[in-house]
Amino acid sequence: MATGSIGSTSATLRERLAKLPRVSLATLPTPLEPCENFRRAIDGPRLFVKRDDLTGLAFGGNKVRQLEFLFADVIAKGSNCVVAGAYTTSNWCRQITAAARKLGLDVYLVLAHGEKGPALQGNLLLDRLMDANIEIVDTDDEGLQPLLEAKVAALRALDLRPYLISSFALETQAVAALGYVNAAIEIAEQLSAKCLVPTHVYLAGAEMSPAGLAAGFRLLGMPTQVVGIAPVRYRIKTDRAADIAGIATATAGLLGYDIAFGRDEIVNDDGYIGPRYGVVSSAGLDAMKLLARSEGIILDPVYSAKALSGLIDHVRRRIIHPDATVVFVHTGGLPALFSYADDLEL
Ligand SMILES: *Cc1c(COP(=O)(O)O)cnc(C)c1O
């Protein structure tokens, strides 16, 4: 593809994205780093790491991009506090808390016990440092929705104006994924400056981030295959590819494109979760050590390390061709690292 055609389509997409409400939270564009030592170590194709661990706000990570669009809606609705929930180890809730504080809003979290319980470490420590109102409950991720709705009702009864940021609602997911349409534009432009087109973009993800990237590259008219490496196996929503396609379709709709994504276009590999969500995998540990020792880039054990283990395995199995151009999106998650000290086999 001629770089000129990327330029003009990306200008159109940029314009449409710029028309949507957004608040500024992230330090963008994030760096796109060549990783030659690592590439040699895995005997892999041309490879870059997109440093979305460096989005800036409260240790960064992928959610900061997503929240730029979500918090615009929080502000537009005139809300004065946000309600969100996930595990005590949640990156999502930590980044929501930071965004709320930056924008002068109050924040209520309903958190289920994660793999590391209620220990004052990692994201929970940061949530407390930012003085989020925290309720820790005895349920799993999927039992949270009714508790979040009850929290919203309780806050309304106190005459507050709460906004529920639900990661389960398609409407919310589609808005969040706009942040990753923006990331696709950044990647395309950063590589186009080197006269390259990415053939594959790998990342840890099961929802908004891969959906936004898939929408972005398709709307740019690029042949890039987004490969999500799943961090979790869901009990209820089991067709990840169909869900991601649905989010991508809704996101394209928000941008004024009437395009449907099919589940067959989406690759989401759940072969690298290891024992389960939130527990280290031995391939993930190997990947984490290799990147740290070859490039000085630190991954987290729950998401990005497992995703990189997927990429390494796909290189070994020749699912990625030697003359591919691969981007690995580092989605962050670093506050969790130190809670896993005993599991890292150091
Ligand atoms: C939340 C998260 C993901 C997954 O992002 P989705 O947008 O839900 O796909 C990946 N990596 C890290 C570090 C995360 O915190």
# chains A, B, ... in the order shown; residues from 1 in each chain; ligands from 1

call {"tool": "select_by_dssp", "arguments": {"residues": "segment 33-250 of chain A", "states": "alpha helix (DSSP H)", "output": "ChimeraX atom specification"}}
result
/A:36-42,63-76,91-102,122-129,144-157,170-192,208-219,240-250

call {"tool": "residues_near_ligand", "arguments": {"ligand": "ligand 1", "cutoff": "7 Å", "atoms": "only C-alpha atoms and all ligand atoms", "output": "list in words"}}
result
Gly61, Asn62, Lys63, Asn91, Trp92, Ala204, Gly205, Ala206, Glu207, Met208, Ser209, Pro210, Asp300, Tyr303, Ser304, Thr331, Gly332 and Gly333 of chain A

call {"tool": "write_last_selection", "arguments": {"atoms": "all heavy atoms", "output": "tab-separated table (two decimals), in the first residue's frame"}}
result
chain	number	residue	atom	x	y	z
A	61	GLY	N	-1.05	2.68	31.21
A	61	GLY	CA	-1.77	1.48	30.79
A	61	GLY	C	-2.84	1.80	29.76
A	61	GLY	O	-3.09	2.97	29.45
A	62	ASN	N	-3.45	0.74	29.24
A	62	ASN	CA	-4.35	0.90	28.08
A	62	ASN	C	-5.65	1.62	28.41
A	62	ASN	O	-6.26	2.24	27.54
A	62	ASN	CB	-4.62	-0.46	27.42
A	62	ASN	CG	-5.40	-1.42	28.30
A	62	ASN	OD1	-5.39	-1.32	29.52
A	62	ASN	ND2	-6.06	-2.38	27.67
A	63	LYS	N	-6.12	1.52	29.65
A	63	LYS	CA	-7.42	2.11	29.97
A	63	LYS	C	-7.42	3.64	29.86
A	63	LYS	O	-8.48	4.24	29.66
A	63	LYS	CB	-7.89	1.71	31.37
A	63	LYS	CG	-7.86	0.22	31.67
A	63	LYS	CD	-8.66	-0.57	30.66
A	63	LYS	CE	-8.81	-2.05	31.01
A	63	LYS	NZ	-7.56	-2.78	31.26
A	91	ASN	N	-6.67	-2.96	37.13
A	91	ASN	CA	-6.05	-1.80	36.47
A	91	ASN	C	-7.11	-0.80	36.04
A	91	ASN	O	-6.92	0.40	36.08
A	91	ASN	CB	-5.29	-2.26	35.23
A	91	ASN	CG	-4.11	-3.14	35.57
A	91	ASN	OD1	-3.32	-2.82	36.43
A	91	ASN	ND2	-4.02	-4.29	34.91
A	92	TRP	N	-8.23	-1.34	35.58
A	92	TRP	CA	-9.37	-0.53	35.12
A	92	TRP	C	-9.83	0.42	36.23
A	92	TRP	O	-9.92	1.64	36.02
A	92	TRP	CB	-10.46	-1.53	34.71
A	92	TRP	CG	-11.88	-1.12	34.48
A	92	TRP	CD1	-12.95	-1.48	35.25
A	92	TRP	CD2	-12.42	-0.38	33.38
A	92	TRP	NE1	-14.11	-1.00	34.69
A	92	TRP	CE2	-13.82	-0.33	33.55
A	92	TRP	CE3	-11.84	0.25	32.26
A	92	TRP	CZ2	-14.67	0.33	32.65
A	92	TRP	CZ3	-12.70	0.90	31.37
A	92	TRP	CH2	-14.09	0.94	31.56
A	204	ALA	N	-2.44	-8.11	24.76
A	204	ALA	CA	-3.30	-8.78	25.73
A	204	ALA	C	-4.64	-8.09	25.64
A	204	ALA	O	-4.72	-6.88	25.76
A	204	ALA	CB	-2.74	-8.59	27.14
A	205	GLY	N	-5.67	-8.86	25.42
A	205	GLY	CA	-6.95	-8.18	25.34
A	205	GLY	C	-8.05	-9.13	25.00
A	205	GLY	O	-7.84	-10.17	24.37
A	206	ALA	N	-9.21	-8.79	25.48
A	206	ALA	CA	-10.37	-9.63	25.19
A	206	ALA	C	-11.55	-8.78	24.80
A	206	ALA	O	-12.60	-9.31	24.48
A	206	ALA	CB	-10.69	-10.46	26.42
A	207	GLU	N	-11.41	-7.47	24.86
A	207	GLU	CA	-12.58	-6.64	24.61
A	207	GLU	C	-12.26	-5.35	23.84
A	207	GLU	O	-12.08	-5.36	22.64
A	207	GLU	CB	-13.29	-6.34	25.93
A	207	GLU	CG	-14.14	-7.53	26.35
A	207	GLU	CD	-14.64	-7.47	27.77
A	207	GLU	OE1	-13.86	-7.16	28.68
A	207	GLU	OE2	-15.82	-7.72	27.96
A	208	MET	N	-12.23	-4.23	24.59
A	208	MET	CA	-12.22	-2.92	23.94
A	208	MET	C	-10.96	-2.65	23.12
A	208	MET	O	-11.02	-2.08	22.04
A	208	MET	CB	-12.37	-1.81	24.98
A	208	MET	CG	-13.75	-1.70	25.58
A	208	MET	SD	-13.97	-2.77	27.00
A	208	MET	CE	-13.54	-1.70	28.35
A	209	SER	N	-9.81	-3.02	23.67
A	209	SER	CA	-8.56	-2.68	22.98
A	209	SER	C	-8.43	-3.39	21.63
A	209	SER	O	-8.21	-2.73	20.61
A	209	SER	CB	-7.36	-2.95	23.88
A	209	SER	OG	-7.51	-2.26	25.10
A	210	PRO	N	-8.61	-4.73	21.59
A	210	PRO	CA	-8.53	-5.37	20.27
A	210	PRO	C	-9.65	-4.91	19.33
A	210	PRO	O	-9.43	-4.78	18.11
A	210	PRO	CB	-8.66	-6.87	20.57
A	210	PRO	CG	-9.04	-7.00	21.98
A	210	PRO	CD	-8.68	-5.72	22.67
A	300	ASP	N	3.83	-7.01	32.88
A	300	ASP	CA	3.09	-7.45	34.08
A	300	ASP	C	2.74	-8.93	33.91
A	300	ASP	O	2.59	-9.40	32.78
A	300	ASP	CB	1.81	-6.63	34.27
A	300	ASP	CG	0.69	-7.16	33.41
A	300	ASP	OD1	0.83	-7.12	32.17
A	300	ASP	OD2	-0.31	-7.66	33.95
A	303	TYR	N	-1.33	-9.86	32.31
A	303	TYR	CA	-1.78	-9.59	30.93
A	303	TYR	C	-0.64	-9.64	29.92
A	303	TYR	O	-0.59	-10.54	29.07
A	303	TYR	CB	-2.44	-8.20	30.86
A	303	TYR	CG	-3.72	-8.06	31.62
A	303	TYR	CD1	-3.74	-7.59	32.93
A	303	TYR	CD2	-4.94	-8.36	31.02
A	303	TYR	CE1	-4.93	-7.44	33.62
A	303	TYR	CE2	-6.13	-8.21	31.70
A	303	TYR	CZ	-6.13	-7.75	33.00
A	303	TYR	OH	-7.30	-7.61	33.69
A	304	SER	N	0.26	-8.64	30.02
A	304	SER	CA	1.20	-8.44	28.91
A	304	SER	C	2.22	-9.58	28.80
A	304	SER	O	2.64	-9.92	27.69
A	304	SER	CB	1.90	-7.08	29.04
A	304	SER	OG	2.44	-6.91	30.35
A	331	THR	N	0.22	-3.21	27.11
A	331	THR	CA	-1.00	-2.58	27.63
A	331	THR	C	-0.86	-2.13	29.09
A	331	THR	O	-1.82	-1.64	29.66
A	331	THR	CB	-2.19	-3.56	27.49
A	331	THR	OG1	-1.78	-4.84	27.99
A	331	THR	CG2	-2.62	-3.69	26.05
A	332	GLY	N	0.30	-2.32	29.69
A	332	GLY	CA	0.52	-1.79	31.06
A	332	GLY	C	0.28	-2.83	32.14
A	332	GLY	O	0.71	-3.97	32.01
A	333	GLY	N	-0.38	-2.42	33.21
A	333	GLY	CA	-0.67	-3.36	34.30
A	333	GLY	C	0.46	-3.47	35.31
A	333	GLY	O	0.46	-4.38	36.17

call {"tool": "residues_around", "arguments": {"residues": "Gly78 of chain A", "least_positions_apart": "2", "cutoff": "10 Å", "atoms": "only C-alpha atoms", "output": "list in words"}}
result
Asp73, Val74, Ile75, Ala76, Asn80, Cys81, Arg161, Pro162 and Tyr163 of chain A

call {"tool": "atom_distance", "arguments": {"atom1": "atom CA of Tyr108 of chain A", "atom2": "atom CA of Thr88 of chain A"}}
result
12.9 Å

call {"tool": "residues_around", "arguments": {"residues": "Thr251 of chain A", "least_positions_apart": "2", "cutoff": "7 Å", "atoms": "only C-alpha atoms", "output": "VMD selection string"}}
result
chain A and resid 174 to 175 177 to 178 247 to 249 253 to 255

call {"tool": "write_last_selection", "arguments": {"atoms": "N, CA and C atoms", "output": "short mmCIF file (atom, residue, chain, number, x, y, z; two decimals), in the first residue's frame"}}
result
data_model
loop_
_atom_site.label_atom_id
_atom_site.label_comp_id
_atom_site.auth_asym_id
_atom_site.auth_seq_id
_atom_site.Cartn_x
_atom_site.Cartn_y
_atom_site.Cartn_z
N ALA A 174 -18.12 0.35 23.30
CA ALA A 174 -17.91 0.97 21.99
C ALA A 174 -17.23 2.33 22.14
N VAL A 175 -17.65 3.11 23.14
CA VAL A 175 -17.02 4.42 23.38
C VAL A 175 -15.56 4.22 23.80
N ALA A 177 -13.57 1.79 23.13
CA ALA A 177 -12.75 1.29 22.02
C ALA A 177 -12.28 2.41 21.09
N LEU A 178 -12.95 3.57 21.13
CA LEU A 178 -12.48 4.70 20.32
C LEU A 178 -11.03 5.05 20.66
N ILE A 247 -18.32 -5.16 19.26
CA ILE A 247 -17.82 -3.87 19.75
C ILE A 247 -17.23 -3.06 18.59
N ALA A 248 -16.46 -3.74 17.73
CA ALA A 248 -15.84 -3.04 16.60
C ALA A 248 -16.90 -2.44 15.68
N THR A 249 -17.98 -3.17 15.46
CA THR A 249 -19.07 -2.66 14.62
C THR A 249 -19.70 -1.42 15.25
N GLY A 253 -19.63 2.53 14.03
CA GLY A 253 -20.89 3.28 13.95
C GLY A 253 -20.78 4.65 14.60
N LEU A 254 -20.12 4.71 15.76
CA LEU A 254 -19.94 6.01 16.44
C LEU A 254 -19.14 6.98 15.58
N LEU A 255 -18.31 6.42 14.70
CA LEU A 255 -17.48 7.25 13.83
C LEU A 255 -18.18 7.54 12.49
#

call {"tool": "atom_distance", "arguments": {"atom1": "atom CA of Gly85 of chain A", "atom2": "atom CA of Gly56 of chain A"}}
result
22.0 Å

call {"tool": "residues_around", "arguments": {"residues": "Gln190 of chain A", "least_positions_apart": "4", "cutoff": "8 Å", "atoms": "only C-alpha atoms", "output": "PyMOL selection string"}}
result
chain A and resi 32+186+194

call {"tool": "write_last_selection", "arguments": {"atoms": "all heavy atoms", "output": "mmCIF file, in the first residue's frame"}}
result
data_model
loop_
_atom_site.group_PDB
_atom_site.id
_atom_site.type_symbol
_atom_site.label_atom_id
_atom_site.label_comp_id
_atom_site.auth_asym_id
_atom_site.auth_seq_id
_atom_site.Cartn_x
_atom_site.Cartn_y
_atom_site.Cartn_z
ATOM 1 N N LEU A 32 6.888 4.146 19.916
ATOM 2 C CA LEU A 32 6.919 2.852 19.226
ATOM 3 C C LEU A 32 8.389 2.465 19.143
ATOM 4 O O LEU A 32 9.166 3.095 18.433
ATOM 5 C CB LEU A 32 6.314 2.978 17.823
ATOM 6 C CG LEU A 32 6.194 1.667 17.064
ATOM 7 C CD1 LEU A 32 5.043 0.818 17.610
ATOM 8 C CD2 LEU A 32 5.957 1.919 15.572
ATOM 9 N N GLU A 186 -2.134 6.050 15.399
ATOM 10 C CA GLU A 186 -0.752 6.338 15.828
ATOM 11 C C GLU A 186 0.231 5.312 15.279
ATOM 12 O O GLU A 186 1.284 5.656 14.750
ATOM 13 C CB GLU A 186 -0.641 6.309 17.362
ATOM 14 C CG GLU A 186 -1.050 7.594 18.029
ATOM 15 C CD GLU A 186 -0.937 7.493 19.556
ATOM 16 O OE1 GLU A 186 -0.110 6.708 20.063
ATOM 17 O OE2 GLU A 186 -1.698 8.202 20.228
ATOM 18 N N LYS A 194 8.445 5.154 8.671
ATOM 19 C CA LYS A 194 9.581 4.274 8.363
ATOM 20 C C LYS A 194 9.296 3.469 7.098
ATOM 21 O O LYS A 194 9.958 2.459 6.831
ATOM 22 C CB LYS A 194 9.808 3.279 9.516
ATOM 23 C CG LYS A 194 10.076 3.914 10.874
ATOM 24 C CD LYS A 194 10.182 2.804 11.941
ATOM 25 C CE LYS A 194 10.081 3.313 13.356
ATOM 26 N NZ LYS A 194 11.236 4.104 13.791
#

call {"tool": "residues_around", "arguments": {"residues": "Thr97 of chain A", "least_positions_apart": "6", "cutoff": "12 Å", "atoms": "only C-alpha atoms", "output": "PDB file with C-alpha atoms, in the first residue's frame"}}
result
ATOM      1  CA  LEU A  57      -1.721   8.807  34.299  1.00  0.00           C
ATOM      2  CA  ALA A  58      -1.085   6.972  37.614  1.00  0.00           C
ATOM      3  CA  LYS A  63      -7.425   2.114  29.968  1.00  0.00           C
ATOM      4  CA  VAL A  64      -6.204   5.734  29.976  1.00  0.00           C
ATOM      5  CA  LEU A  67     -11.188   6.783  29.515  1.00  0.00           C
ATOM      6  CA  PHE A  71     -15.060  10.598  30.837  1.00  0.00           C
ATOM      7  CA  CYS A  81     -19.124  10.962  40.845  1.00  0.00           C
ATOM      8  CA  VAL A  82     -18.397   7.696  39.066  1.00  0.00           C
ATOM      9  CA  VAL A  83     -19.126   4.116  40.098  1.00  0.00           C
ATOM     10  CA  ALA A  84     -17.091   1.191  38.810  1.00  0.00           C
ATOM     11  CA  GLY A  85     -16.190  -2.330  39.813  1.00  0.00           C
ATOM     12  CA  SER A  90      -8.024  -4.073  38.798  1.00  0.00           C
ATOM     13  CA  ASN A  91      -6.051  -1.801  36.469  1.00  0.00           C
ATOM     14  CA  LEU A 103     -11.210  15.812  36.637  1.00  0.00           C
ATOM     15  CA  GLY A 104     -12.292  16.710  40.165  1.00  0.00           C
ATOM     16  CA  LEU A 105     -14.876  13.945  40.563  1.00  0.00           C
ATOM     17  CA  ASP A 106     -15.568  11.547  43.406  1.00  0.00           C
ATOM     18  CA  VAL A 107     -15.251   7.796  42.856  1.00  0.00           C
ATOM     19  CA  TYR A 108     -16.943   4.715  44.306  1.00  0.00           C
ATOM     20  CA  LEU A 109     -15.480   1.263  43.683  1.00  0.00           C
ATOM     21  CA  ASN A 123      -3.723  -1.250  42.322  1.00  0.00           C
ATOM     22  CA  LEU A 124      -5.642  -1.446  45.601  1.00  0.00           C
ATOM     23  CA  LEU A 125      -2.859   0.493  47.309  1.00  0.00           C
ATOM     24  CA  LEU A 126      -3.101   3.158  44.589  1.00  0.00           C
ATOM     25  CA  ASP A 127      -6.914   3.271  44.826  1.00  0.00           C
ATOM     26  CA  ARG A 128      -6.568   3.928  48.562  1.00  0.00           C
ATOM     27  CA  LEU A 129      -3.821   6.487  48.025  1.00  0.00           C
ATOM     28  CA  MET A 130      -6.168   8.381  45.685  1.00  0.00           C
ATOM     29  CA  ASP A 131      -8.870   7.991  48.364  1.00  0.00           C
ATOM     30  CA  ALA A 132     -11.469   6.137  46.319  1.00  0.00           C
ATOM     31  CA  ASN A 133     -14.534   5.043  48.327  1.00  0.00           C
ATOM     32  CA  ILE A 134     -14.030   1.291  48.324  1.00  0.00           C
ATOM     33  CA  ILE A 165     -18.930   3.029  34.121  1.00  0.00           C
TER      34      ILE A 165
END

call {"tool": "closest_atom_pairs", "arguments": {"of": "segment 10-111 of chain A", "to": "segment 282-288 of chain A", "cutoff": "12 Å", "atoms": "only C-alpha atoms", "output": "JSON lines"}}
result
{"residue": "A:Phe38", "atom": "CA", "partner": "A:Ala287", "partner_atom": "CA", "distance": 10.0}
{"residue": "A:Ala41", "atom": "CA", "partner": "A:Ala287", "partner_atom": "CA", "distance": 10.9}
{"residue": "A:Ile42", "atom": "CA", "partner": "A:Ala287", "partner_atom": "CA", "distance": 10.0}

call {"tool": "select_by_dssp", "arguments": {"residues": "segment 3-205 of chain A", "states": "strand (DSSP E)", "output": "ChimeraX atom specification"}}
result
/A:32-34,46-50,81-87,106-112,133-137,162-164,200-204

call {"tool": "closest_residue", "arguments": {"among": "A:Ala119, A:Ala324, A:Ala98, A:Leu164", "to": "Phe338 of chain A", "atoms": "only C-alpha atoms"}}
result
A:Ala119

call {"tool": "residues_around", "arguments": {"residues": "Val226 of chain A", "least_positions_apart": "3", "cutoff": "6 Å", "atoms": "only C-alpha atoms", "output": "VMD selection string"}}
result
chain A and resid 200 to 201 214

call {"tool": "closest_residue", "arguments": {"among": "A:Ala252, A:Ala184, A:Leu291, A:Ile136", "to": "Tyr87 of chain A", "atoms": "only C-alpha atoms"}}
result
A:Ile136

call {"tool": "decode", "arguments": {"residues": "segment 22-34 of chain A", "atoms": "N, CA and C atoms", "output": "CSV table (one decimal), in the first residue's frame"}}
result
chain,number,residue,atom,x,y,z
A,22,ARG,N,-14.2,14.3,24.0
A,22,ARG,CA,-13.0,13.7,24.5
A,22,ARG,C,-12.3,14.6,25.6
A,23,VAL,N,-11.8,14.0,26.6
A,23,VAL,CA,-11.0,14.8,27.6
A,23,VAL,C,-9.6,14.3,27.4
A,24,SER,N,-8.6,15.2,27.8
A,24,SER,CA,-7.2,14.8,27.6
A,24,SER,C,-6.7,14.2,28.9
A,25,LEU,N,-6.3,12.9,28.9
A,25,LEU,CA,-5.8,12.3,30.1
A,25,LEU,C,-4.4,11.6,29.8
A,26,ALA,N,-4.2,11.2,28.6
A,26,ALA,CA,-3.0,10.4,28.3
A,26,ALA,C,-1.9,11.2,27.6
A,27,THR,N,-0.7,10.8,27.8
A,27,THR,CA,0.5,11.4,27.1
A,27,THR,C,0.6,10.7,25.8
A,28,LEU,N,0.2,11.4,24.7
A,28,LEU,CA,0.2,10.7,23.4
A,28,LEU,C,0.9,11.6,22.4
A,29,PRO,N,1.4,10.9,21.3
A,29,PRO,CA,1.5,9.5,21.1
A,29,PRO,C,2.5,8.8,22.0
A,30,THR,N,2.2,7.5,22.3
A,30,THR,CA,3.2,6.7,23.1
A,30,THR,C,4.3,6.3,22.1
A,31,PRO,N,5.5,6.0,22.7
A,31,PRO,CA,6.6,5.6,21.8
A,31,PRO,C,6.3,4.3,21.1
A,32,LEU,N,6.9,4.1,19.9
A,32,LEU,CA,6.9,2.9,19.2
A,32,LEU,C,8.4,2.5,19.1
A,33,GLU,N,8.8,1.4,19.9
A,33,GLU,CA,10.2,1.1,20.1
A,33,GLU,C,10.6,-0.1,19.3
A,34,PRO,N,11.7,0.0,18.5
A,34,PRO,CA,12.2,-1.2,17.9
A,34,PRO,C,12.9,-2.0,19.0
